[in-house]
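So this one's data.pdb, PDB, C-alpha atoms:
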```pdb
ATOM      1  CA  MET Y   7     105.008  88.542  78.431
ATOM      2  CA  SER Y   8     108.431  87.592  77.228
ATOM      3  CA  THR Y   9     109.634  86.551  80.683
ATOM      4  CA  GLU Y  10     107.370  83.536  80.299
ATOM      5  CA  GLN Y  11     109.911  82.181  77.824
ATOM      6  CA  ASP Y  12     112.651  82.409  80.421
ATOM      7  CA  ARG Y  13     113.483  79.399  82.510
ATOM      8  CA  PRO Y  14     113.348  79.797  86.260
ATOM      9  CA  LEU Y  15     116.563  80.223  88.214
ATOM     10  CA  LEU Y  16     117.583  76.788  89.475
ATOM     11  CA  ILE Y  17     119.635  76.630  92.676
ATOM     12  CA  ALA Y  18     120.277  73.286  94.373
ATOM     13  CA  GLY Y  19     117.296  71.731  92.648
ATOM     14  CA  VAL Y  20     114.840  74.484  93.604
ATOM     15  CA  GLU Y  21     113.271  76.762  91.010
ATOM     16  CA  TYR Y  22     112.972  80.498  91.655
ATOM     17  CA  ARG Y  23     110.919  82.848  89.525
ATOM     18  CA  SER Y  24     112.741  85.867  90.934
ATOM     19  CA  ARG Y  25     116.384  86.429  90.098
ATOM     20  CA  LEU Y  26     116.782  88.959  92.877
ATOM     21  CA  ILE Y  27     118.017  87.984  96.330
ATOM     22  CA  ILE Y  28     117.858  90.606  99.040
ATOM     23  CA  GLY Y  29     119.353  90.993 102.507
ATOM     24  CA  SER Y  30     117.883  91.720 105.909
ATOM     25  CA  GLY Y  31     120.585  93.996 107.320
ATOM     26  CA  LYS Y  32     120.503  97.757 107.960
ATOM     27  CA  TYR Y  33     116.706  98.122 107.811
ATOM     28  CA  LYS Y  34     114.897 100.429 110.230
ATOM     29  CA  ASP Y  35     112.801  97.534 111.531
ATOM     30  CA  PHE Y  36     111.474  94.108 110.527
ATOM     31  CA  GLU Y  37     108.318  95.618 109.056
ATOM     32  CA  GLU Y  38     110.258  97.813 106.644
ATOM     33  CA  ASN Y  39     112.365  94.800 105.708
ATOM     34  CA  LEU Y  40     109.256  92.722 105.018
ATOM     35  CA  ALA Y  41     107.667  95.505 102.954
ATOM     36  CA  ALA Y  42     110.861  95.768 100.885
ATOM     37  CA  LEU Y  43     110.939  92.003 100.473
ATOM     38  CA  GLU Y  44     107.376  92.004  99.176
ATOM     39  CA  ALA Y  45     108.055  94.939  96.828
ATOM     40  CA  SER Y  46     111.191  93.241  95.496
ATOM     41  CA  ALA Y  47     109.299  89.984  94.785
ATOM     42  CA  ALA Y  48     112.466  88.185  95.922
ATOM     43  CA  GLU Y  49     111.964  84.632  97.124
ATOM     44  CA  MET Y  50     115.277  84.314  98.924
ATOM     45  CA  ILE Y  51     116.596  86.509 101.749
ATOM     46  CA  THR Y  52     119.897  86.423 103.586
ATOM     47  CA  VAL Y  53     120.239  86.430 107.373
ATOM     48  CA  ALA Y  54     123.195  86.551 109.751
ATOM     49  CA  ILE Y  55     123.793  84.165 112.659
ATOM     50  CA  ARG Y  56     124.667  85.864 115.941
ATOM     51  CA  ARG Y  57     124.584  85.282 119.680
ATOM     52  CA  VAL Y  58     121.235  85.706 121.372
ATOM     53  CA  ASN Y  59     121.332  88.701 123.674
ATOM     54  CA  LEU Y  60     120.867  87.164 127.127
ATOM     55  CA  GLY Y  61     118.980  90.155 128.439
ATOM     56  CA  GLN Y  62     116.553  90.328 125.536
ATOM     57  CA  ASP Y  63     112.805  90.380 126.001
ATOM     58  CA  LYS Y  64     111.694  86.845 125.343
ATOM     59  CA  ASP Y  65     108.371  87.990 123.916
ATOM     60  CA  GLU Y  66     109.996  90.363 121.445
ATOM     61  CA  PRO Y  67     109.561  88.959 117.913
ATOM     62  CA  SER Y  68     112.651  87.766 116.115
ATOM     63  CA  LEU Y  69     113.451  88.214 112.434
ATOM     64  CA  LEU Y  70     112.176  84.759 111.523
ATOM     65  CA  ASP Y  71     108.835  85.474 113.217
ATOM     66  CA  ILE Y  72     108.317  88.307 110.730
ATOM     67  CA  ILE Y  73     110.014  86.811 107.659
ATOM     68  CA  SER Y  74     108.740  83.277 107.597
ATOM     69  CA  PRO Y  75     110.990  80.384 106.560
ATOM     70  CA  GLU Y  76     107.788  78.684 105.377
ATOM     71  CA  LYS Y  77     107.182  81.426 102.829
ATOM     72  CA  TYR Y  78     110.712  82.497 101.866
ATOM     73  CA  THR Y  79     113.983  80.677 101.323
ATOM     74  CA  ILE Y  80     116.220  81.797 104.165
ATOM     75  CA  LEU Y  81     119.867  82.077 103.168
ATOM     76  CA  PRO Y  82     122.041  82.177 106.304
ATOM     77  CA  ASN Y  83     125.382  83.856 105.726
ATOM     78  CA  THR Y  84     128.792  83.578 107.351
ATOM     79  CA  ALA Y  85     129.323  87.332 107.412
ATOM     80  CA  GLY Y  86     131.914  88.396 109.945
ATOM     81  CA  CYS Y  87     133.980  85.216 109.543
ATOM     82  CA  TYR Y  88     137.638  85.700 108.715
ATOM     83  CA  ASN Y  89     138.677  82.044 108.593
ATOM     84  CA  ALA Y  90     137.315  78.753 107.289
ATOM     85  CA  GLU Y  91     136.802  77.256 110.744
ATOM     86  CA  ASP Y  92     134.473  80.025 111.944
ATOM     87  CA  ALA Y  93     132.569  79.925 108.671
ATOM     88  CA  VAL Y  94     132.013  76.168 108.843
ATOM     89  CA  ARG Y  95     130.948  76.441 112.486
ATOM     90  CA  THR Y  96     128.476  79.189 111.577
ATOM     91  CA  CYS Y  97     126.971  77.057 108.797
ATOM     92  CA  ARG Y  98     126.521  74.106 111.143
ATOM     93  CA  MET Y  99     124.703  76.365 113.621
ATOM     94  CA  ALA Y 100     122.557  77.762 110.804
ATOM     95  CA  ARG Y 101     121.591  74.301 109.632
ATOM     96  CA  GLU Y 102     120.511  73.374 113.156
ATOM     97  CA  LEU Y 103     118.672  76.666 113.585
ATOM     98  CA  LEU Y 104     116.732  76.137 110.356
ATOM     99  CA  ASP Y 105     115.832  72.501 111.002
ATOM    100  CA  GLY Y 106     118.326  70.902 108.640
ATOM    101  CA  HIS Y 107     118.063  73.461 105.823
ATOM    102  CA  LYS Y 108     121.277  72.939 103.825
ATOM    103  CA  LEU Y 109     121.518  76.131 101.774
ATOM    104  CA  VAL Y 110     124.131  78.615 102.996
ATOM    105  CA  LYS Y 111     125.892  81.707 101.767
ATOM    106  CA  LEU Y 112     129.590  81.246 102.398
ATOM    107  CA  GLU Y 113     131.636  84.386 102.774
ATOM    108  CA  VAL Y 114     135.047  84.459 104.384
ATOM    109  CA  LEU Y 115     136.398  87.963 104.634
ATOM    110  CA  GLY Y 116     140.017  88.977 104.424
ATOM    111  CA  ASP Y 117     140.138  92.564 105.537
ATOM    112  CA  GLN Y 118     137.841  94.879 107.493
ATOM    113  CA  LYS Y 119     138.422  97.891 105.300
ATOM    114  CA  THR Y 120     137.641  96.322 101.929
ATOM    115  CA  LEU Y 121     135.619  93.293 103.097
ATOM    116  CA  TYR Y 122     137.248  91.554 100.162
ATOM    117  CA  PRO Y 123     137.020  87.779 100.326
ATOM    118  CA  ASN Y 124     139.854  85.718 101.741
ATOM    119  CA  VAL Y 125     139.984  83.348  98.804
ATOM    120  CA  THR Y 126     142.227  80.660 100.288
ATOM    121  CA  GLU Y 127     140.038  80.340 103.384
ATOM    122  CA  THR Y 128     136.902  80.468 101.200
ATOM    123  CA  LEU Y 129     138.192  77.539  99.128
ATOM    124  CA  ALA Y 130     139.007  75.543 102.268
ATOM    125  CA  ALA Y 131     135.601  76.224 103.822
ATOM    126  CA  ALA Y 132     133.817  75.352 100.581
ATOM    127  CA  GLU Y 133     135.575  71.963 100.449
ATOM    128  CA  THR Y 134     134.511  71.136 103.994
ATOM    129  CA  LEU Y 135     130.935  72.359 103.611
ATOM    130  CA  VAL Y 136     130.341  70.512 100.335
ATOM    131  CA  ALA Y 137     131.743  67.338 101.936
ATOM    132  CA  GLU Y 138     129.321  67.821 104.847
ATOM    133  CA  GLY Y 139     126.369  68.015 102.480
ATOM    134  CA  PHE Y 140     125.738  71.757 102.458
ATOM    135  CA  ASP Y 141     124.452  73.527  99.353
ATOM    136  CA  VAL Y 142     126.965  76.339  99.151
ATOM    137  CA  MET Y 143     126.372  79.685  97.469
ATOM    138  CA  VAL Y 144     129.755  81.326  97.672
ATOM    139  CA  TYR Y 145     130.785  84.964  97.736
ATOM    140  CA  THR Y 146     134.145  85.504  96.109
ATOM    141  CA  SER Y 147     136.313  87.887  94.115
ATOM    142  CA  ASP Y 148     135.705  88.442  90.393
ATOM    143  CA  ASP Y 149     138.589  86.181  89.387
ATOM    144  CA  PRO Y 150     137.468  83.733  86.658
ATOM    145  CA  LEU Y 151     139.906  81.044  87.797
ATOM    146  CA  VAL Y 152     138.763  81.195  91.414
ATOM    147  CA  THR Y 153     135.089  81.082  90.449
ATOM    148  CA  ARG Y 154     135.782  78.027  88.276
ATOM    149  CA  ARG Y 155     137.610  76.310  91.125
ATOM    150  CA  LEU Y 156     134.654  76.956  93.457
ATOM    151  CA  GLU Y 157     132.328  75.452  90.870
ATOM    152  CA  GLU Y 158     134.595  72.378  90.610
ATOM    153  CA  ILE Y 159     134.493  71.976  94.391
ATOM    154  CA  GLY Y 160     130.727  71.631  94.082
ATOM    155  CA  CYS Y 161     129.276  75.005  95.072
ATOM    156  CA  VAL Y 162     125.678  75.347  93.826
ATOM    157  CA  ALA Y 163     126.083  79.021  92.908
ATOM    158  CA  VAL Y 164     129.119  81.262  92.618
ATOM    159  CA  MET Y 165     128.728  84.902  93.618
ATOM    160  CA  PRO Y 166     131.477  87.269  92.507
ATOM    161  CA  LEU Y 167     131.464  90.798  93.877
ATOM    162  CA  GLY Y 168     130.661  93.712  91.596
ATOM    163  CA  ALA Y 169     132.421  96.108  93.986
ATOM    164  CA  PRO Y 170     133.189  96.064  97.747
ATOM    165  CA  ILE Y 171     130.290  95.142 100.065
ATOM    166  CA  GLY Y 172     128.151  98.167 100.884
ATOM    167  CA  SER Y 173     130.110 100.454  98.526
ATOM    168  CA  GLY Y 174     127.379 100.960  95.922
ATOM    169  CA  LEU Y 175     130.047 101.427  93.249
ATOM    170  CA  GLY Y 176     128.358  99.184  90.706
ATOM    171  CA  ILE Y 177     129.948  96.559  88.462
ATOM    172  CA  ARG Y 178     133.580  97.671  88.437
ATOM    173  CA  ASN Y 179     134.883  94.921  86.178
ATOM    174  CA  PRO Y 180     132.208  93.923  83.679
ATOM    175  CA  TYR Y 181     134.703  92.075  81.484
ATOM    176  CA  ASN Y 182     135.640  89.704  84.307
ATOM    177  CA  ILE Y 183     131.973  89.124  85.110
ATOM    178  CA  ARG Y 184     131.380  88.260  81.454
ATOM    179  CA  MET Y 185     134.274  85.805  81.434
ATOM    180  CA  ILE Y 186     132.976  84.195  84.618
ATOM    181  CA  VAL Y 187     129.457  83.848  83.213
ATOM    182  CA  GLU Y 188     130.627  82.462  79.871
ATOM    183  CA  ASN Y 189     132.570  79.655  81.493
ATOM    184  CA  ALA Y 190     130.130  78.765  84.258
ATOM    185  CA  LYS Y 191     127.892  75.719  84.552
ATOM    186  CA  VAL Y 192     126.301  76.861  87.844
ATOM    187  CA  PRO Y 193     124.368  80.090  88.417
ATOM    188  CA  ILE Y 194     126.538  83.196  88.673
ATOM    189  CA  ILE Y 195     125.045  85.797  90.975
ATOM    190  CA  VAL Y 196     126.597  89.212  91.454
ATOM    191  CA  ASP Y 197     126.835  89.706  95.197
ATOM    192  CA  ALA Y 198     127.868  93.100  96.532
ATOM    193  CA  GLY Y 199     128.506  96.419  94.880
ATOM    194  CA  VAL Y 200     125.117  97.250  93.377
ATOM    195  CA  GLY Y 201     124.177 100.849  94.237
ATOM    196  CA  THR Y 202     121.142 101.595  92.120
ATOM    197  CA  ALA Y 203     118.780 100.022  89.596
ATOM    198  CA  SER Y 204     121.009 100.448  86.528
ATOM    199  CA  ASP Y 205     123.795  98.497  88.275
ATOM    200  CA  ALA Y 206     121.444  95.540  88.696
ATOM    201  CA  SER Y 207     120.403  95.780  85.049
ATOM    202  CA  ILE Y 208     124.043  95.832  83.949
ATOM    203  CA  ALA Y 209     124.772  92.679  85.951
ATOM    204  CA  MET Y 210     121.837  90.917  84.308
ATOM    205  CA  GLU Y 211     122.699  92.234  80.830
ATOM    206  CA  LEU Y 212     126.135  90.676  81.262
ATOM    207  CA  GLY Y 213     124.363  87.337  81.562
ATOM    208  CA  CYS Y 214     124.448  86.869  85.304
ATOM    209  CA  HIS Y 215     121.745  84.532  86.534
ATOM    210  CA  GLY Y 216     120.821  86.705  89.485
ATOM    211  CA  VAL Y 217     121.794  89.590  91.738
ATOM    212  CA  LEU Y 218     122.129  89.683  95.521
ATOM    213  CA  MET Y 219     121.955  93.029  97.292
ATOM    214  CA  ASN Y 220     121.369  94.479 100.733
ATOM    215  CA  THR Y 221     122.628  98.022 101.224
ATOM    216  CA  ALA Y 222     121.365  99.363  97.878
ATOM    217  CA  ILE Y 223     117.812  98.780  99.093
ATOM    218  CA  ALA Y 224     118.178  99.195 102.853
ATOM    219  CA  GLU Y 225     120.094 102.483 102.637
ATOM    220  CA  ALA Y 226     117.929 104.038  99.931
ATOM    221  CA  ARG Y 227     115.894 107.009 101.145
ATOM    222  CA  ASN Y 228     112.801 104.953 100.393
ATOM    223  CA  PRO Y 229     113.812 101.293 100.709
ATOM    224  CA  VAL Y 230     110.430  99.893  99.640
ATOM    225  CA  MET Y 231     110.379 101.945  96.442
ATOM    226  CA  MET Y 232     113.999 100.995  95.717
ATOM    227  CA  ALA Y 233     113.090  97.338  96.216
ATOM    228  CA  SER Y 234     110.422  97.738  93.554
ATOM    229  CA  ALA Y 235     112.929  99.485  91.266
ATOM    230  CA  MET Y 236     115.377  96.614  91.735
ATOM    231  CA  ARG Y 237     112.722  94.051  90.824
ATOM    232  CA  LYS Y 238     112.109  95.884  87.550
ATOM    233  CA  ALA Y 239     115.822  96.430  86.913
ATOM    234  CA  VAL Y 240     116.630  92.750  87.316
ATOM    235  CA  GLU Y 241     113.720  91.764  85.073
ATOM    236  CA  ALA Y 242     114.633  94.415  82.470
ATOM    237  CA  GLY Y 243     118.287  93.396  82.458
ATOM    238  CA  ARG Y 244     117.382  89.739  82.138
ATOM    239  CA  GLU Y 245     115.002  90.371  79.243
ATOM    240  CA  ALA Y 246     117.548  92.605  77.507
ATOM    241  CA  TYR Y 247     120.138  89.828  77.848
ATOM    242  CA  LEU Y 248     117.763  87.210  76.451
ATOM    243  CA  ALA Y 249     116.572  89.543  73.695
ATOM    244  CA  GLY Y 250     120.152  90.132  72.557
ATOM    245  CA  ARG Y 251     121.285  93.691  72.229
ATOM    246  CA  MET Y 252     122.059  95.409  68.928
ATOM    247  CA  PRO Y 253     125.704  95.764  67.960
ATOM    248  CA  ARG Y 254     127.530  98.934  68.919
ATOM    249  CA  ARG Y 255     128.462 101.157  65.941
ATOM    250  CA  LEU Y 256     130.771 104.109  65.909
ATOM    251  CA  TYR Y 257     128.588 106.064  63.454
ATOM    252  CA  ALA Y 258     124.866 106.632  62.994
ATOM    253  CA  SER Y 259     122.427 104.312  61.244
ATOM    254  CA  ALA Y 260     119.178 106.025  60.203
ATOM    255  CA  SER Y 261     115.999 104.498  61.573
ATOM    256  CA  SER Y 262     113.696 106.091  58.948
ATOM    257  CA  PRO Y 263     113.943 104.921  55.305
ATOM    258  CA  VAL Y 264     116.275 106.897  53.074
ATOM    259  CA  ASP Y 265     114.026 106.284  50.020
ATOM    260  CA  GLY Y 266     110.640 107.980  49.423
ATOM    261  CA  THR Y 267     111.427 111.424  50.680
ATOM    262  CA  PHE Y 268     109.337 114.104  48.853
ATOM    263  CA  PHE Y 269     111.776 116.970  49.212
TER     264      PHE Y 269
ATOM    265  CA  MET R  20     128.145  72.786 145.287
ATOM    266  CA  THR R  21     127.719  75.519 142.693
ATOM    267  CA  ILE R  22     128.925  75.158 139.141
ATOM    268  CA  GLU R  23     130.224  77.817 136.836
ATOM    269  CA  ILE R  24     129.444  77.907 133.127
ATOM    270  CA  THR R  25     129.909  80.340 130.260
ATOM    271  CA  VAL R  26     126.893  81.329 128.168
ATOM    272  CA  ASN R  27     127.555  83.488 125.112
ATOM    273  CA  GLY R  28     130.813  84.655 126.615
ATOM    274  CA  LYS R  29     129.334  85.555 130.010
ATOM    275  CA  THR R  30     130.025  83.634 133.206
ATOM    276  CA  LYS R  31     127.007  82.248 135.001
ATOM    277  CA  THR R  32     126.833  80.456 138.336
ATOM    278  CA  LEU R  33     124.309  77.673 138.844
ATOM    279  CA  VAL R  34     123.347  76.141 142.161
ATOM    280  CA  ALA R  35     123.319  72.647 140.716
ATOM    281  CA  GLU R  36     123.763  70.705 137.513
ATOM    282  CA  LEU R  37     120.738  70.859 135.256
ATOM    283  CA  SER R  38     119.630  69.946 131.771
ATOM    284  CA  LEU R  39     120.168  72.195 128.784
ATOM    285  CA  GLU R  40     116.396  72.454 128.450
ATOM    286  CA  ASP R  41     116.104  73.765 132.025
ATOM    287  CA  LEU R  42     118.884  76.259 131.396
ATOM    288  CA  LEU R  43     117.118  77.545 128.281
ATOM    289  CA  LEU R  44     113.852  77.810 130.221
ATOM    290  CA  ASP R  45     115.699  79.745 132.903
ATOM    291  CA  LEU R  46     117.075  82.095 130.235
ATOM    292  CA  GLY R  47     113.628  82.485 128.641
ATOM    293  CA  MET R  48     114.794  80.991 125.367
ATOM    294  CA  ALA R  49     113.099  77.638 125.276
ATOM    295  CA  LYS R  50     110.581  78.616 122.622
ATOM    296  CA  GLY R  51     112.650  80.703 120.197
ATOM    297  CA  ARG R  52     114.313  79.713 116.954
ATOM    298  CA  ILE R  53     117.787  79.109 118.282
ATOM    299  CA  ALA R  54     120.715  76.773 117.853
ATOM    300  CA  VAL R  55     122.995  75.665 120.678
ATOM    301  CA  GLU R  56     126.625  74.669 120.775
ATOM    302  CA  LEU R  57     128.048  72.977 123.874
ATOM    303  CA  ASN R  58     131.843  73.057 124.113
ATOM    304  CA  GLY R  59     132.067  73.549 120.369
ATOM    305  CA  HIS R  60     129.602  70.838 119.355
ATOM    306  CA  ILE R  61     126.037  71.341 118.151
ATOM    307  CA  VAL R  62     123.370  69.965 120.463
ATOM    308  CA  PRO R  63     120.334  68.906 118.390
ATOM    309  CA  ARG R  64     117.031  70.206 119.714
ATOM    310  CA  SER R  65     115.878  66.654 120.361
ATOM    311  CA  GLN R  66     118.677  66.300 122.941
ATOM    312  CA  PHE R  67     118.010  69.489 124.920
ATOM    313  CA  SER R  68     116.208  67.627 127.690
ATOM    314  CA  SER R  69     118.756  64.826 128.029
ATOM    315  CA  GLN R  70     121.865  67.024 127.730
ATOM    316  CA  ARG R  71     123.356  67.735 131.179
ATOM    317  CA  ILE R  72     125.163  70.988 131.894
ATOM    318  CA  SER R  73     128.296  70.528 133.967
ATOM    319  CA  ASN R  74     130.914  72.676 135.639
ATOM    320  CA  LEU R  75     133.035  74.750 133.196
ATOM    321  CA  ASP R  76     130.815  74.030 130.207
ATOM    322  CA  SER R  77     130.854  76.656 127.498
ATOM    323  CA  ILE R  78     127.562  77.272 125.714
ATOM    324  CA  GLU R  79     126.771  79.339 122.649
ATOM    325  CA  ILE R  80     123.164  80.173 121.808
ATOM    326  CA  VAL R  81     122.554  81.816 118.429
ATOM    327  CA  GLN R  82     119.668  83.147 116.420
ATOM    328  CA  ALA R  83     119.084  84.592 112.959
ATOM    329  CA  ILE R  84     119.297  88.391 112.733
ATOM    330  CA  GLY R  85     119.401  90.901 109.903
ATOM    331  CA  GLY R  86     122.378  90.575 107.576
ATOM    332  CA  GLY R  87     123.413  90.744 103.950
TER     333      GLY R  87
END
```

Once more with this new file: its structure as structure tokens, please.
Amino acid sequence: MSTEQDRPLLIAGVEYRSRLIIGSGKYKDFEENLAALEASAAEMITVAIRRVNLGQDKDEPSLLDIISPEKYTILPNTAGCYNAEDAVRTCRMARELLDGHKLVKLEVLGDQKTLYPNVTETLAAAETLVAEGFDVMVYTSDDPLVTRRLEEIGCVAVMPLGAPIGSGLGIRNPYNIRMIVENAKVPIIVDAGVGTASDASIAMELGCHGVLMNTAIAEARNPVMMASAMRKAVEAGREAYLAGRMPRRLYASASSPVDGTFF
Amino acid sequence: MTIEITVNGKTKTLVAELSLEDLLLDLGMAKGRIAVELNGHIVPRSQFSSQRISNLDSIEIVQAIGGG
């Protein structure tokens, strides 16, 4: 198969065969999440870091009992942080929680309605985290200058949004995503905005190195089937990108020979 | 003398000073995948048994949950 010619996705020195990263939020239960994870063939899954509920049943399984850090790369996020300090603190807790695991998804939000990134705080947090030895995958806006700055700071992957988190509006600014990809030396992963399979394919056809999504799978009527669709969409988009699409023409170009007709 | 501490934003009264490990046992959290901050600083797991909990300490105990 042609995917065998593709190189694996390389993030912080680790090779991934899958270019799809999925989330663990909004699922009905852990089992549904795990089934979606398996159907998606993703090797990396995001988690959030939150207070333990003091009244909780101590024998009740936790997320990491079901989705094993031995089998999957756990990507702790800083969701819910609105300033650099909280985000850095969350990453330190995550690193301790995961026995020194350095990979984190940095997101510093600016506004509850749009969940757009607070870019100045994101830049500040990225500087601190890189200096502290974290491997930072960073969620940001689709601004080519900001993504370049985050790469210069030393982030291991830069993750521009396709549309607001959880909106399912697709890739709203494909030209910016293309500019970002063309000038990047680290993996560019579209994070947020994907609503359905074609959105994931579009991101990959633009040359993105991967796609991260949560709601598009978790809020589908059948999350496990959508996870499977997303696996295929990411693979199809990647292959289409590598294959190189035909040029767009305004007018038709016949596919059958013009010569040799008998009428 | 009792001491008063804050755990995950809730006030808790203890009859005496104890170790962080004992506190976690008391809370039923000693075995889980958790991380602990004491007064804003991470306490490595290896120091749970030696870390003393004192009056007015503020403790945060976190875990991984579903998120995107």

Identify every residue of chain R that has at least one atom within 6 Å of any atom of chain Y, counting all atoms listed in the file, and report the result as JSON, numbers by chain. {"R": [47, 53, 54, 80, 81, 82, 83, 84, 85, 86, 87]}

Provide the atom CA of Pro193 of chain Y to atom CA of Met231 of chain Y distance in Å, to one decimal place.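 Interatomic distance, atom CA of Pro193 of chain Y to atom CA of Met231 of chain Y: 27.2 Å.
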
Care to translate the PyMOL selection byres ((chain R and resi 68) around 10) into actual residues of this file, as a PyMOL selection string? chain R and resi 37-43+64-67+69-71

Evaluated on this file, the PyMOL selection byres ((chain Y and resi 195) around 12) picks out some residues - which ones are they, written as JSON, numbers by chain? {"Y": [15, 16, 17, 25, 26, 27, 28, 111, 143, 144, 145, 146, 147, 148, 153, 162, 163, 164, 165, 166, 167, 168, 183, 184, 186, 187, 190, 192, 193, 194, 196, 197, 198, 199, 200, 206, 209, 210, 212, 213, 214, 215, 216, 217, 218, 219, 240]}

Could you list, as a list of chain:residue names, every residue within 10 Å of Leu57 of chain R, counting only C-alpha atoms and ignoring same-chain residues fewer than 2 positions away? R:Thr25, R:Val26, R:Leu39, R:Val55, R:Gly59, R:His60, R:Ile61, R:Val62, R:Gln70, R:Ile72, R:Asp76, R:Ser77, R:Ile78, R:Glu79, R:Ile80

Suppose we keep C-alpha atoms; can you now write the selection as a PDB file, keeping the file's coordinate frame?
```pdb
ATOM      1  CA  THR R  25     129.909  80.340 130.260  1.00  0.00           C
ATOM      2  CA  VAL R  26     126.893  81.329 128.168  1.00  0.00           C
ATOM      3  CA  LEU R  39     120.168  72.195 128.784  1.00  0.00           C
ATOM      4  CA  VAL R  55     122.995  75.665 120.678  1.00  0.00           C
ATOM      5  CA  GLY R  59     132.067  73.549 120.369  1.00  0.00           C
ATOM      6  CA  HIS R  60     129.602  70.838 119.355  1.00  0.00           C
ATOM      7  CA  ILE R  61     126.037  71.341 118.151  1.00  0.00           C
ATOM      8  CA  VAL R  62     123.370  69.965 120.463  1.00  0.00           C
ATOM      9  CA  GLN R  70     121.865  67.024 127.730  1.00  0.00           C
ATOM     10  CA  ILE R  72     125.163  70.988 131.894  1.00  0.00           C
ATOM     11  CA  ASP R  76     130.815  74.030 130.207  1.00  0.00           C
ATOM     12  CA  SER R  77     130.854  76.656 127.498  1.00  0.00           C
ATOM     13  CA  ILE R  78     127.562  77.272 125.714  1.00  0.00           C
ATOM     14  CA  GLU R  79     126.771  79.339 122.649  1.00  0.00           C
ATOM     15  CA  ILE R  80     123.164  80.173 121.808  1.00  0.00           C
TER      16      ILE R  80
END
```

How many Å lie between atom CA of Ala222 of chain Y and atom CA of Gly174 of chain Y, rounded to one decimal?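 Between atom CA of Ala222 of chain Y and atom CA of Gly174 of chain Y the gap is 6.5 Å.
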
Run the PyMOL selection byres ((chain Y and resi 48) around 9) on the file and write out the hits as a list of chain:residue names. Y:Tyr22, Y:Arg23, Y:Ser24, Y:Arg25, Y:Leu26, Y:Ile27, Y:Ile28, Y:Leu43, Y:Glu44, Y:Ala45, Y:Ser46, Y:Ala47, Y:Glu49, Y:Met50, Y:Ile51, Y:Tyr78, Y:Arg237

Which residues, written as a PyMOL selection string, have at least one atom at most 10 Å from Met232 of chain Y, with all atoms listed in the file counted and residues fewer than 6 positions away on the same chain left out? chain Y and resi 42+45-46+202-203+222-226+238

Name the closest residue to Phe140 of chain Y among the candidates Y:Asn189, Y:Arg244, Y:Lys108, Y:Arg254; distances are taken between atoms, counting all atoms listed in the file. Y:Lys108

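You will find atom CA of Ala235 of chain Y at 15.4 Å from atom CA of Gly176 of chain Y.
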